[in-house]
$ cat input.tsv   # TSV, C-alpha atoms and all ligand atoms
chain	number	residue	atom	x	y	z
A	29	MET	CA	0.00	0.00	0.00
A	30	ILE	CA	1.28	3.43	-0.89
A	31	ASN	CA	1.26	5.79	2.05
A	32	ASN	CA	0.19	9.20	0.81
A	33	ILE	CA	0.27	10.93	4.17
A	34	LEU	CA	2.65	13.89	4.15
A	35	ARG	CA	5.09	14.11	7.05
A	36	LEU	CA	4.84	17.49	8.75
A	37	VAL	CA	6.13	19.35	11.81
A	38	ASP	CA	4.08	21.92	13.72
A	39	THR	CA	6.98	24.18	14.73
A	40	HIS	CA	5.05	26.50	17.07
A	41	ALA	CA	2.18	25.23	19.22
A	42	HIS	CA	0.90	26.33	22.62
A	43	LEU	CA	-0.01	22.83	23.74
A	44	ASP	CA	-0.43	23.98	27.35
A	45	GLU	CA	-3.52	25.90	26.18
A	46	VAL	CA	-5.03	23.23	23.91
A	47	GLU	CA	-8.24	21.62	25.15
A	48	ASP	CA	-8.58	17.84	25.07
A	49	LEU	CA	-4.85	17.63	24.39
A	50	ASP	CA	-4.42	13.84	24.18
A	51	LYS	CA	-7.06	13.72	21.46
A	52	ALA	CA	-5.50	16.68	19.63
A	53	ILE	CA	-2.11	14.95	19.68
A	54	GLU	CA	-3.61	11.71	18.39
A	55	GLU	CA	-5.36	13.61	15.58
A	56	GLY	CA	-2.06	15.26	14.74
A	57	LYS	CA	-0.35	11.88	14.44
A	58	GLN	CA	-3.16	10.59	12.22
A	59	ALA	CA	-2.82	13.69	10.05
A	60	GLY	CA	0.87	12.96	9.42
A	61	LEU	CA	2.67	15.05	12.02
A	62	VAL	CA	6.05	13.60	13.00
A	63	ALA	CA	6.79	16.20	15.70
A	64	ILE	CA	5.32	19.19	17.48
A	65	ILE	CA	7.47	21.96	18.94
A	66	ALA	CA	5.62	23.09	22.07
A	67	VAL	CA	6.48	26.67	23.04
A	68	GLY	CA	6.13	28.18	26.51
A	69	GLN	CA	5.34	31.77	27.47
A	70	ASP	CA	6.13	32.24	31.15
A	71	TYR	CA	7.12	30.28	34.24
A	72	GLU	CA	3.83	28.38	34.63
A	73	SER	CA	3.38	27.79	30.91
A	74	ASN	CA	6.97	26.51	30.66
A	75	LEU	CA	6.34	24.05	33.51
A	76	LYS	CA	3.24	22.70	31.77
A	77	THR	CA	5.08	22.52	28.46
A	78	LEU	CA	7.86	20.44	30.03
A	79	ASP	CA	5.26	18.07	31.53
A	80	ILE	CA	3.48	17.66	28.20
A	81	ALA	CA	6.76	16.95	26.39
A	82	GLU	CA	7.70	14.39	29.05
A	83	LYS	CA	4.34	12.65	28.62
A	84	HIS	CA	4.57	12.64	24.83
A	85	LYS	CA	8.28	11.90	24.50
A	86	ASN	CA	9.70	11.58	20.98
A	87	PHE	CA	6.75	13.44	19.54
A	88	VAL	CA	6.38	16.69	21.50
A	89	TYR	CA	9.63	18.63	21.89
A	90	PRO	CA	9.72	21.58	24.27
A	91	ALA	CA	10.94	25.13	23.84
A	92	LEU	CA	10.79	27.39	26.89
A	93	GLY	CA	9.99	31.04	26.57
A	94	LEU	CA	9.25	34.46	27.98
A	95	HIS	CA	6.53	36.08	25.89
A	96	PRO	CA	6.26	39.89	25.74
A	97	TRP	CA	2.49	39.59	26.42
A	98	ASN	CA	3.22	37.99	29.78
A	99	LEU	CA	5.81	40.51	30.96
A	100	GLY	CA	3.16	42.97	32.12
A	101	LYS	CA	2.03	40.47	34.77
A	102	MET	CA	5.56	39.72	35.98
A	103	ASP	CA	7.76	41.63	38.41
A	104	ALA	CA	11.55	41.64	38.05
A	105	SER	CA	12.00	38.67	40.37
A	106	LYS	CA	9.54	36.58	38.34
A	107	VAL	CA	11.44	37.44	35.16
A	108	ASP	CA	14.68	36.31	36.83
A	109	LEU	CA	13.01	33.14	38.04
A	110	THR	CA	11.82	32.36	34.51
A	111	LEU	CA	15.28	32.99	33.05
A	112	ARG	CA	16.76	30.63	35.63
A	113	GLN	CA	14.07	28.05	34.86
A	114	ILE	CA	14.94	28.20	31.15
A	115	GLU	CA	18.64	27.80	31.90
A	116	ASP	CA	18.10	24.97	34.43
A	117	ASN	CA	16.06	23.00	31.89
A	118	ILE	CA	18.05	23.94	28.81
A	119	LYS	CA	19.20	20.37	28.12
A	120	LYS	CA	15.59	19.19	27.82
A	121	THR	CA	14.72	21.82	25.24
A	122	VAL	CA	15.10	21.98	21.48
A	123	GLY	CA	14.91	25.77	21.44
A	124	ILE	CA	13.97	28.96	23.21
A	125	GLY	CA	10.57	30.49	22.52
A	126	GLU	CA	8.21	32.08	22.45
A	127	ILE	CA	10.22	35.25	22.96
A	128	GLY	CA	10.35	38.63	21.27
A	129	LEU	CA	8.95	42.13	21.18
A	130	ASP	CA	5.37	43.33	20.61
A	131	TYR	CA	4.79	47.02	19.88
A	132	ASP	CA	1.00	46.89	19.89
A	133	LYS	CA	-0.02	49.81	22.11
A	134	ARG	CA	-1.90	47.63	24.60
A	135	VAL	CA	1.15	45.43	25.05
A	136	ILE	CA	3.44	48.45	25.46
A	137	ALA	CA	1.04	49.88	28.07
A	138	ALA	CA	1.60	46.74	30.16
A	139	ALA	CA	5.35	46.41	29.51
A	140	ASP	CA	7.14	49.27	27.74
A	141	LYS	CA	9.66	48.84	24.94
A	142	GLU	CA	12.68	49.09	27.24
A	143	ARG	CA	11.35	46.40	29.54
A	144	GLN	CA	10.53	44.14	26.61
A	145	LYS	CA	13.98	44.67	25.10
A	146	GLU	CA	15.70	43.93	28.39
A	147	ALA	CA	13.89	40.59	28.72
A	148	PHE	CA	14.39	39.74	25.04
A	149	LYS	CA	18.11	40.50	25.31
A	150	ALA	CA	18.44	38.26	28.34
A	151	VAL	CA	16.79	35.26	26.65
A	152	LEU	CA	18.75	35.82	23.45
A	153	GLU	CA	21.90	35.79	25.53
A	154	LEU	CA	20.88	32.39	26.97
A	155	ALA	CA	20.06	31.04	23.51
A	156	GLY	CA	23.41	32.24	22.19
A	157	ARG	CA	25.34	30.80	25.12
A	158	TYR	CA	23.69	27.37	24.81
A	159	ASN	CA	23.50	27.43	21.02
A	160	LYS	CA	19.72	27.05	20.87
A	161	PRO	CA	17.43	28.16	18.04
A	162	VAL	CA	14.83	30.80	18.89
A	163	SER	CA	11.15	31.23	17.97
A	164	VAL	CA	10.52	34.98	17.77
A	165	HIS	CA	7.30	36.96	18.11
A	166	ALA	CA	7.92	40.27	16.32
A	167	ARG	CA	4.52	41.95	15.94
A	168	TYR	CA	4.98	45.62	14.87
A	169	SER	CA	8.59	45.35	16.04
A	170	TRP	CA	10.02	43.62	12.99
A	171	LYS	CA	13.12	45.79	12.59
A	172	ASP	CA	14.02	45.95	16.30
A	173	SER	CA	13.44	42.22	16.76
A	174	PHE	CA	15.58	41.38	13.75
A	175	ASP	CA	18.36	43.76	14.85
A	176	MET	CA	18.45	42.32	18.35
A	177	VAL	CA	18.67	38.74	17.04
A	178	ARG	CA	21.43	39.70	14.61
A	179	GLU	CA	23.38	41.50	17.32
A	180	SER	CA	23.15	38.45	19.59
A	181	LYS	CA	25.15	35.24	19.30
A	182	VAL	CA	22.07	33.32	18.18
A	183	LYS	CA	22.66	31.43	14.95
A	184	LYS	CA	19.20	30.04	14.19
A	185	ALA	CA	16.02	32.10	14.40
A	186	VAL	CA	12.48	31.78	13.10
A	187	PHE	CA	10.32	34.89	12.91
A	188	HIS	CA	7.04	33.13	13.48
A	189	TRP	CA	3.84	34.10	11.60
A	190	TYR	CA	5.75	36.90	9.87
A	191	THR	CA	3.60	39.78	8.54
A	192	GLY	CA	6.19	42.59	8.54
A	193	PHE	CA	8.00	44.74	6.03
A	194	SER	CA	9.54	43.19	2.91
A	195	SER	CA	12.76	45.12	3.61
A	196	VAL	CA	13.24	43.36	6.97
A	197	LEU	CA	12.18	40.07	5.40
A	198	ARG	CA	14.99	40.39	2.85
A	199	ASP	CA	17.45	40.83	5.73
A	200	ILE	CA	15.96	37.82	7.55
A	201	ILE	CA	16.49	35.67	4.45
A	202	ALA	CA	19.97	37.08	3.79
A	203	GLU	CA	21.01	36.13	7.34
A	204	GLY	CA	19.75	32.56	6.79
A	205	TYR	CA	16.95	32.94	9.34
A	206	PHE	CA	13.45	31.56	8.83
A	207	ILE	CA	9.84	32.64	8.89
A	208	SER	CA	6.97	30.27	9.64
A	209	ALA	CA	3.57	30.06	7.97
A	210	THR	CA	0.35	29.67	9.96
A	211	PRO	CA	-3.16	28.83	8.70
A	212	ALA	CA	-3.65	32.62	8.30
A	213	ALA	CA	-1.73	32.15	5.03
A	214	GLU	CA	-5.11	31.07	3.61
A	215	TYR	CA	-6.49	34.61	3.74
A	216	HIS	CA	-4.26	37.23	5.43
A	217	ASP	CA	-2.72	39.50	2.77
A	218	GLU	CA	0.44	40.55	4.62
A	219	HIS	CA	1.21	37.02	5.70
A	220	ARG	CA	0.58	35.70	2.17
A	221	ARG	CA	2.96	38.30	0.75
A	222	ALA	CA	5.66	37.29	3.23
A	223	VAL	CA	5.23	33.60	2.35
A	224	LYS	CA	5.41	34.43	-1.35
A	225	GLU	CA	8.63	36.43	-0.89
A	226	THR	CA	10.35	33.74	1.20
A	227	PRO	CA	12.12	30.84	-0.52
A	228	LEU	CA	11.13	27.34	0.62
A	229	GLU	CA	14.67	27.03	2.03
A	230	ASN	CA	13.75	29.63	4.68
A	231	LEU	CA	10.25	28.46	5.49
A	232	LEU	CA	8.74	26.41	8.34
A	233	LEU	CA	5.10	25.46	9.03
A	234	GLU	CA	3.19	25.97	12.26
A	235	THR	CA	-0.28	26.48	13.75
A	236	ASP	CA	0.29	28.73	16.81
A	237	CYS	CA	-2.62	26.67	18.19
A	238	PRO	CA	-5.03	27.21	19.89
A	239	VAL	CA	-5.26	30.57	18.04
A	240	THR	CA	-8.64	31.29	16.42
A	241	TYR	CA	-8.40	31.66	12.64
A	242	GLY	CA	-10.81	32.35	9.81
A	243	ARG	CA	-12.71	35.24	8.31
A	244	GLU	CA	-16.30	34.09	7.72
A	245	THR	CA	-16.01	30.75	9.49
A	246	LYS	CA	-13.89	30.88	12.58
A	247	TYR	CA	-12.22	27.87	14.16
A	248	GLN	CA	-9.75	27.21	16.93
A	249	ALA	CA	-6.54	25.69	15.58
A	250	ARG	CA	-5.17	22.32	16.62
A	251	PRO	CA	-1.81	20.82	15.60
A	252	SER	CA	-3.44	18.89	12.71
A	253	ASP	CA	-4.35	22.26	11.15
A	254	VAL	CA	-0.71	22.54	10.07
A	255	ILE	CA	-2.11	20.91	6.91
A	256	ARG	CA	-3.92	24.20	6.25
A	257	SER	CA	-0.58	26.04	6.48
A	258	LEU	CA	0.92	23.51	4.07
A	259	LYS	CA	-1.90	23.80	1.52
A	260	ALA	CA	-1.86	27.60	1.67
A	261	VAL	CA	1.92	27.74	1.11
A	262	ALA	CA	1.66	25.30	-1.80
A	263	GLN	CA	-1.12	27.39	-3.34
A	264	ILE	CA	0.73	30.72	-2.87
A	265	LYS	CA	3.92	29.33	-4.37
A	266	GLY	CA	2.31	27.21	-7.09
A	267	THR	CA	4.39	24.28	-5.81
A	268	ALA	CA	3.16	20.72	-5.22
A	269	GLU	CA	2.12	19.97	-1.64
A	270	ASN	CA	4.48	17.00	-1.34
A	271	VAL	CA	7.42	19.20	-2.35
A	272	VAL	CA	6.51	21.87	0.21
A	273	ALA	CA	5.96	19.20	2.88
A	274	ALA	CA	9.29	17.49	2.26
A	275	LYS	CA	11.30	20.73	2.27
A	276	THR	CA	9.63	22.41	5.25
A	277	THR	CA	9.85	19.20	7.31
A	278	GLU	CA	13.53	18.83	6.44
A	279	ASN	CA	14.04	22.49	7.42
A	280	ALA	CA	12.19	22.02	10.72
A	281	LEU	CA	14.08	18.88	11.74
A	282	LYS	CA	17.42	20.52	10.96
A	283	PHE	CA	16.46	23.78	12.64
A	284	PHE	CA	15.55	22.08	15.93
A	285	GLY	CA	18.36	19.53	15.74
A	286	LEU	CA	16.02	16.55	15.29
A	287	SER	CA	17.30	15.18	11.97
A	288	GLY	CA	19.16	12.36	13.70
A	289	GLN	CA	16.15	11.34	15.81
A	290	ILE	CA	13.28	11.49	13.36
A	291	LYS	CA	13.60	9.70	10.06
A	292	VAL	CA	11.24	10.83	7.34
A	293	ILE	CA	11.18	8.62	4.29
B	1	ZN	ZN	2.67	31.78	19.70
$ encode --input "input.tsv" --output "structure tokens" --more "lines below"
Ligand SMILES: [Zn+2]
Amino acid sequence: MINNILRLVDTHAHLDEVEDLDKAIEEGKQAGLVAIIAVGQDYESNLKTLDIAEKHKNFVYPALGLHPWNLGKMDASKVDLTLRQIEDNIKKTVGIGEIGLDYDKRVIAAADKERQKEAFKAVLELAGRYNKPVSVHARYSWKDSFDMVRESKVKKAVFHWYTGFSSVLRDIIAEGYFISATPAAEYHDEHRRAVKETPLENLLLETDCPVTYGRETKYQARPSDVIRSLKAVAQIKGTAENVVAAKTTENALKFFGLSGQIKVI
């Protein structure tokens, strides 16, 4: 029997927020996923993410993070505690994320740019020191986020769900960094443009689940919805789905250092 299922990696999933997780993971496996990168956002979310990865070993791989959205709720000692937590668990992780800067005015009202940059710099320093790839949230902060990554010792970075300027995107590609496509690539103009302008060599797939997507019909994403990201990328690029699947999965496994562990034939 010929197995037509495409092997995919969801490179950015908030599994600690997904309802009915065991079922969602099973559905993901049925849909062809070979790995999920589970990203954390703060101390509690990182703890849950480590537990989930432990329970679903060899399928869920953890990245620990410090999200700019969560900074507003954290005092300096909690930030330090989270940085220490990331460092203490660094050997268990395949990357650091979700981290970054968010210049939406509501986010800045809770944690100003300087505070966000200070935290971002500290996690980039950890990622550089331990040679870990980073998953970066760069909403409305594309240039600053890119500059800070480039100025750090980090070698591998993905600017997840990229919707920013083409000028910064060219720099991202020139540096050998990545962007990742979400199911919003089905309909969101800026994201579609970014996907179109990015070579397959610099592209990963993700869901950012459990984010709610859709224009007319809304739905809450699950890891299996990475197929929507795949189909949208294939459509935008006019490239066969199996070609996009093979390349983005190869990229993802290399990016997170999983090529030796997961064989995709
Ligand atoms: Zn996210």
$ residues_around --input "input.tsv" --residues "Thr235 in chain A" --least-positions-apart "2" --cutoff "7 Å" --atoms "only C-alpha atoms" --output "ChimeraX atom specification"
/A:38,40-41,210-211,237,249,251,253-254
$ closest_residue --input "input.tsv" --among "A:Ile290, A:Leu129, A:Ala260, A:Val151" --to "Val88 in chain A" --atoms "only C-alpha atoms"
A:Ile290
$ residues_around --input "input.tsv" --residues "Tyr89 in chain A" --least-positions-apart "6" --cutoff "12 Å" --atoms "only C-alpha atoms" --output "ChimeraX atom specification"
/A:37-43,62-68,77-83,119-125,280-281,284-286,289-290
$ closest_residue --input "input.tsv" --among "A:Glu225, A:Glu54, A:Glu115, A:Glu126" --to "ligand ZN 1 (chain B)" --atoms "all atoms listed in the file"
A:Glu126
$ closest_residue --input "input.tsv" --among "A:Lys275, A:Arg243, A:His188, A:Arg221" --to "ligand ZN 1 (chain B)" --atoms "only C-alpha atoms and all ligand atoms"
A:His188
$ atom_distance --input "input.tsv" --atom1 "CA of Leu109 in chain A" --atom2 "CA of Asn86 in chain A"
27.7 Å
$ atom_distance --input "input.tsv" --atom1 "CA of Arg198 in chain A" --atom2 "CA of Lys265 in chain A"
17.2 Å
$ residues_around --input "input.tsv" --residues "Asp70 in chain A" --least-positions-apart "6" --cutoff "7 Å" --atoms "only C-alpha atoms" --output "PyMOL selection string"
chain A and resi 93-95+98+110
